[in-house]
Each structure stands twice: as structure tokens, then as C-alpha cells.
2 protein chains.
Amino acid sequence: MLFETVTIVGVGLIGGSIGLAARRRGVARQVIGVGRSKASLERALAVGAINHGHSELRSAVASADLIVFCTPVDRIARQVKEAASYCRPAALLTDAGSTKAAIVRELERELPTGIHFVGSHPLAGSEKKGVEHARPDLFEGRVTVVTPTKTSDAGAVEKVIAFWKGLGSEVRLLDPEAHDRALATTSHLPHLLAAALAGVLPEEWRPFAAAGFRDTTRIAAGDPALWAAIFRQNRAALAEAMRPFGEQLALLLDALDRDDEAGLLKLLTQAKQVRDALGS
Amino acid sequence: MLFETVTIVGVGLIGGSIGLAARRRGVARQVIGVGRSKASLERALAVGAINHGHSELRSAVASADLIVFCTPVDRIARQVKEAASYCRPAALLTDAGSTKAAIVRELERELPTGIHFVGSHPLAGSEKKGVEHARPDLFEGRVTVVTPTKTSDAGAVEKVIAFWKGLGSEVRLLDPEAHDRALATTSHLPHLLAAALAGVLPEEWRPFAAAGFRDTTRIAAGDPALWAAIFRQNRAALAEAMRPFGEQLALLLDALDRDDEAGLLKLLTQAKQVRDALGS
């Protein structure tokens, strides 16, 4: 057992999957879930994601060795600070938020000395939400980014890495700003494009939206509030990621406009090589 | 049996699936495949997609009741005209090309009187290619667009509709230009965006490209030559489809720039409603 008690704040798809994996893989002896809705705590208990459910942070974190925040990115820093005042001094805190710099830097400045928070982001989301979609194997073979900073406690970082590896995840380290730049391109920009594309499909053309359109827009089915919060936290990096994308799109449109077959082929071949390298 | 002999020109994923479906579902008594590569004809024979393979159009279409062209869109019109000089007068010709106006209008002008071509487009592609990925159920529950014009022979249109329905497809009728406008938005624009996005992913960020990026760019793995031909044939409609997309993207970026939470939520919610309506 890596941890005696793990408390998960927010037991949706990610939090629930952490609970299931931690219990089945011997990462935690017991898992406590914190949620605002009694119904979702009951569903989390029913699927076996948690051993106990609490609606209050205070009581849920008091005995925790590890506290994992799986709440929307605009709530994480506030909840970590609140939990810091209730938890044991030796407790370790991490999160599963899709943005890192704003959260990690705020906590670096404001957390009391001796409370260790290390930022994490398991790249295992889905357009689905809710603990009913939680899976114990959600993290297997997936990358979790852990984002230590110069001021992070080495032992705390090591434990957080061991935690995600214990859930079956591969761990990569990035500083919080590098994480946000990479994810702006690999996750937030695709979401923005998917939303723009889905947004312009007229109803009468829906019957003609086949596998290509469905794949390309799948993530636009994600929770609007969660994604608005992610976009707002990562505005600067997302605007930066738009630039090379806009340039690449302009190259394609220009080749099309000039009916430049060789130019189109070159751009499409380069894109195919990248996509093939990613695998299915 | 709807047809005694169906000849399929181009036995890749689509042509091979037509052969498999036509044979298994009693749509054709025998299926002849035409291909330039002996190896692909042999694979088509091996998987049961065709009864006989020919490398020459002439001998392959002589006895056909229905000829289906499943070749790249920039070759279809030429091949149809060639086949028209070899086939029986009662033969019916159709295709499976992703663009329709250029092909259908050229053939409307240039085919000899008495030869009936009706354009078709089964919305059942994939980023995979080759007859080894062919499936007899590829068309089941999928839409095939059939694109008759004012000059189309009513009996020929009826038979082409019956053919696709016989393969398990749902049939929708559009005129060729309406097809190209709809598909510019539902298929060609997504492909262009996927290619642009895949094209700007730096190699060092590949480990951070998870399910969202993979879904959004999946079609960028498609054959560059096939897609360059599709883009070039549908340039005008694709450029037209870019406009509303560009405007929607600008609205999202503007809301982001002004940190307008309500505006972002509204746009993301509208996109989610469209995407949810499409189903998985």
C-alpha cells in the first residue's frame, strides 16, 4: 500500500476512476470521496470508487495521506488552500486539472510552509462525465504530466509520481508553463476547433456528417463550463498556439486557391506522417 | 438478385466493401473487380470481395449490368467515358466519389445518349485504405447520397437507389452542387482542419497528444493524393465553407480575448448541442 487513506475531491469520471484504480491496484487502503451532490457520492459508493462519501471538505481530509483534487480548474487552488488548513501536516496534495501554471503558481505563493502540493494532469479525459463512466483502467498506458517547480519538495514529487504510476500511468515531468504551452496545442486548441466546427453545422446537413465530422468534433460534446474554465485559465498559451495553426491553415488554403497540387500533397503528406506517428 | 453482374472499378476499402456486401446480400450474382495492381486484385479475390479480377476496363465491363467506379475523384469521369464505349447499352453506371458536381456535370455533357450515369457517394469512408479493411457491413445504417439531375433517366436513378439500399445503406437525394456544399462543411473542411492541426504538432509534444487530439486529427491519416484531388475538385464550396467556420472561430477567440465567460459558455453550449444531436 502506497497510501493508507486517499481523499478524492470531486468524484466524476476522473476522480471515480482514480478511486477504482487506487482500490483495485493496492495504491490506497481506503478512499474517501468528497462531493457536493449526495446522489453522485452514492453512485461513487455503488460502483466501488470510494469507501466513504463526505459532503464537507473538513472532515474528509482530516485523516488523509494524499488528497487529489478532481474539480474544475477554476476551483482547485481555492479548495487546496481550504484543505490545507484542515489536513495533517504530513499530507500530500495534488490535482488532476487540465491547466497547471495558474494553479501551481498561486499555490506556490499562498500555501502555508510545510504543506506540499504538486500539480498533476492525467491525459485521460473524455467527453463523457460522471462517475458512472469511471473505469479502473482509465490511466493504464496513458501519460500523466506531473509539474514540479524549483520550490517543490523532492519527497513529495517522488510520492506523487509513484501514485500515478501505481494507477498504471506513465509519468512525464514538465514545468507548469511548459505543460500549459504543450496542452494548448495538444488539447485546448483541438477543443476550440471542434467547438467552432460543430457550431457551424446547419441542422439540414446533419445527415451528411459521417465518421470524419464525428471524430473531428467529438470533444465538442465536453462540458461547456469545464472547458470555458480551462480556456480562460490558459488564454495566453491558447492564443499563442493559434498562431502556427492559423499559418498552417493559410498555407493549405493558399495552395488550394492557387490549385497547387504539389503544395497540397506536401502539406497533406506531412500531416499524415505526424498523425500516423501517433497511432490509433 | 438485383443485378446479374456488377463490375467494380477500384477494389480498395470502398470497392471491396461493395463487393462483399453485394455478394453476401444477394444484390449481385457475380462481382468483377478491375484494378491496376495484380496484388490488390488477388487480395480482393482472397477476401471474397470479387469473383473475377481484370486489369483491363474493356473486358471487365463488357458483360456488366452495373458498373461502380470507386477510384479517385480526378479519374472517375475519364474512366466512365472510357467504359461507356465498351459496355452494353443497357448497362447502368454509378460511382462512389466524394465530390459530385464536377464529375456529374462533365458526364452529363459528354456521355453518349443512352448511357446512364447517376452519381453516388456512400458516406462510409475511413482513414484506412485497401481491400484488407473492406467489410460487408460498411454501408449498413450509413447514408449514401445519390445525385440525380434534371436530365437523369428515372429508371436508372431508381435502380441506383435500390442498389445502395440493397447494400444496407440509407439513401438521400441531393443535386450535385448541393451535395458538394454540404460535404464541404461535413467532410472536406474537417479534413482540412485536421491536416492543419496535425501539421503543427511538434515532435516533442507528441506524448501529450491524447484522445482529444487523436480524434480531432484522425482523418489527417487519410491518403494525401485522394484528398488533394477531393479538395481540388471542391475548391469553391470548400472556400465557401471556410467563411462561417472562420467567423465562429473568431467569435470564440474574441470571447476568450475579452475573458467573456458568458460568451464562451454560450458558444460552447451551442456546439455541444449540435454534437450531442449527432450521437457517438
# chains A, B, ... in the order shown; residues from 1 in each chain; ligands from 1

call {"tool": "interface_residues", "arguments": {"of": "chain A", "to": "chain B", "cutoff": "7 Å", "atoms": "only C-alpha atoms", "output": "number ranges by chain"}}
result
A: 123, 182-183, 186-187, 190, 195-200, 205-206, 208-210, 212-213, 215-222, 224-225, 228, 232, 235, 244-245, 248-249, 256, 259, 261, 264-265, 268-272, 274-276, 278

call {"tool": "select_by_dssp", "arguments": {"residues": "stretch 168-270 of chain B", "states": "strand (DSSP E)", "output": "ChimeraX atom specification"}}
result
/B:170-173

call {"tool": "write_last_selection", "arguments": {"atoms": "N, CA and C atoms", "output": "CSV table (one decimal), in the first residue's frame"}}
result
chain,number,residue,atom,x,y,z
B,170,GLU,N,-28.8,3.8,-46.2
B,170,GLU,CA,-29.9,4.7,-46.3
B,170,GLU,C,-29.6,5.6,-47.4
B,171,VAL,N,-30.6,6.0,-48.3
B,171,VAL,CA,-30.3,6.8,-49.4
B,171,VAL,C,-30.9,8.2,-49.3
B,172,ARG,N,-30.2,9.2,-49.5
B,172,ARG,CA,-30.7,10.6,-49.6
B,172,ARG,C,-30.4,11.2,-50.9
B,173,LEU,N,-31.3,12.0,-51.5
B,173,LEU,CA,-31.1,12.6,-52.8
B,173,LEU,C,-30.7,14.1,-52.6

call {"tool": "closest_residue", "arguments": {"among": "B:Thr71, B:Ser55, B:Ser63, B:Ser169", "to": "B:Lys38", "atoms": "only C-alpha atoms"}}
result
B:Ser55

call {"tool": "residues_around", "arguments": {"residues": "A:Pro136", "least_positions_apart": "5", "cutoff": "6 Å", "atoms": "only C-alpha atoms", "output": "ChimeraX atom specification"}}
result
/A:17,20-21

call {"tool": "write_last_selection", "arguments": {"atoms": "all heavy atoms", "output": "short mmCIF file (atom, residue, chain, number, x, y, z; two decimals), in the first residue's frame"}}
result
data_model
loop_
_atom_site.label_atom_id
_atom_site.label_comp_id
_atom_site.auth_asym_id
_atom_site.auth_seq_id
_atom_site.Cartn_x
_atom_site.Cartn_y
_atom_site.Cartn_z
N SER A 17 -12.48 7.23 -11.42
CA SER A 17 -11.52 6.27 -11.98
C SER A 17 -10.28 6.16 -11.09
O SER A 17 -9.71 5.07 -10.95
CB SER A 17 -11.12 6.70 -13.40
OG SER A 17 -12.24 6.66 -14.27
N LEU A 20 -11.37 3.90 -8.21
CA LEU A 20 -11.44 2.49 -8.62
C LEU A 20 -10.04 1.90 -8.78
O LEU A 20 -9.75 0.80 -8.29
CB LEU A 20 -12.18 2.37 -9.97
CG LEU A 20 -13.70 2.52 -9.95
CD1 LEU A 20 -14.23 2.56 -11.38
CD2 LEU A 20 -14.34 1.35 -9.18
N ALA A 21 -9.16 2.65 -9.48
CA ALA A 21 -7.81 2.14 -9.73
C ALA A 21 -7.01 2.04 -8.44
O ALA A 21 -6.29 1.07 -8.21
CB ALA A 21 -7.10 3.06 -10.73
#

call {"tool": "atom_distance", "arguments": {"atom1": "atom CA of B:Glu42", "atom2": "atom CA of B:Asp74"}}
result
25.0 Å

call {"tool": "closest_residue", "arguments": {"among": "B:Thr5, B:Ile50, B:Thr147, B:Leu41", "to": "B:Arg88", "atoms": "only C-alpha atoms"}}
result
B:Thr5

call {"tool": "residues_around", "arguments": {"residues": "stretch 153-162 of chain A", "least_positions_apart": "3", "cutoff": "7 Å", "atoms": "only C-alpha atoms", "output": "ChimeraX atom specification"}}
result
/A:92,116,118,148,165-166,171

call {"tool": "write_last_selection", "arguments": {"atoms": "C-alpha atoms", "output": "tab-separated table (two decimals), in the first residue's frame"}}
result
chain	number	residue	atom	x	y	z
A	92	LEU	CA	0.38	15.42	0.32
A	116	HIS	CA	3.15	20.08	-0.09
A	118	VAL	CA	2.46	19.05	-6.58
A	148	PRO	CA	7.11	20.21	-10.03
A	165	LYS	CA	2.49	5.06	-11.71
A	166	GLY	CA	0.62	2.98	-9.15
A	171	VAL	CA	4.60	9.85	-15.85

call {"tool": "atom_distance", "arguments": {"atom1": "atom CA of A:Lys100", "atom2": "atom CA of A:Gly48"}}
result
29.2 Å

call {"tool": "atom_distance", "arguments": {"atom1": "atom CA of A:Ala44", "atom2": "atom CA of A:Gly12"}}
result
8.2 Å

call {"tool": "closest_residue", "arguments": {"among": "B:Cys70, B:Ala64, B:Val9, B:Ile18", "to": "B:Glu140", "atoms": "only C-alpha atoms"}}
result
B:Ile18

call {"tool": "residues_around", "arguments": {"residues": "A:Ala39", "least_positions_apart": "6", "cutoff": "12 Å", "atoms": "only C-alpha atoms", "output": "PDB file with C-alpha atoms, in the first residue's frame"}}
result
ATOM      1  CA  VAL A  11     -15.845  12.071  -7.854  1.00  0.00           C
ATOM      2  CA  GLY A  12     -16.733  12.325 -11.534  1.00  0.00           C
ATOM      3  CA  LEU A  45     -20.100   4.205  -3.477  1.00  0.00           C
ATOM      4  CA  ALA A  46     -22.266   1.936  -5.607  1.00  0.00           C
ATOM      5  CA  GLY A  53     -18.529   9.786   0.986  1.00  0.00           C
ATOM      6  CA  HIS A  54     -18.386  13.221   2.597  1.00  0.00           C
ATOM      7  CA  SER A  55     -20.045  16.457   1.604  1.00  0.00           C
ATOM      8  CA  GLY A 130     -19.885  11.322 -14.228  1.00  0.00           C
ATOM      9  CA  VAL A 131     -18.701   8.505 -12.019  1.00  0.00           C
ATOM     10  CA  GLU A 132     -20.889   6.054 -13.972  1.00  0.00           C
TER      11      GLU A 132
END

call {"tool": "select_by_dssp", "arguments": {"residues": "stretch 166-239 of chain B", "states": "alpha helix (DSSP H)", "output": "NGL selection string"}}
result
:B and (166 or 176-183 or 189-199 or 211-217 or 224-233 or 235-239)

call {"tool": "residues_around", "arguments": {"residues": "B:Cys87", "least_positions_apart": "4", "cutoff": "9 Å", "atoms": "only C-alpha atoms", "output": "list in words"}}
result
Arg58, Ala60, Val61, Ala62, Ser63, Ala64, Asp65, Ile67, Ala83, Ala91 and Ile115 of chain B
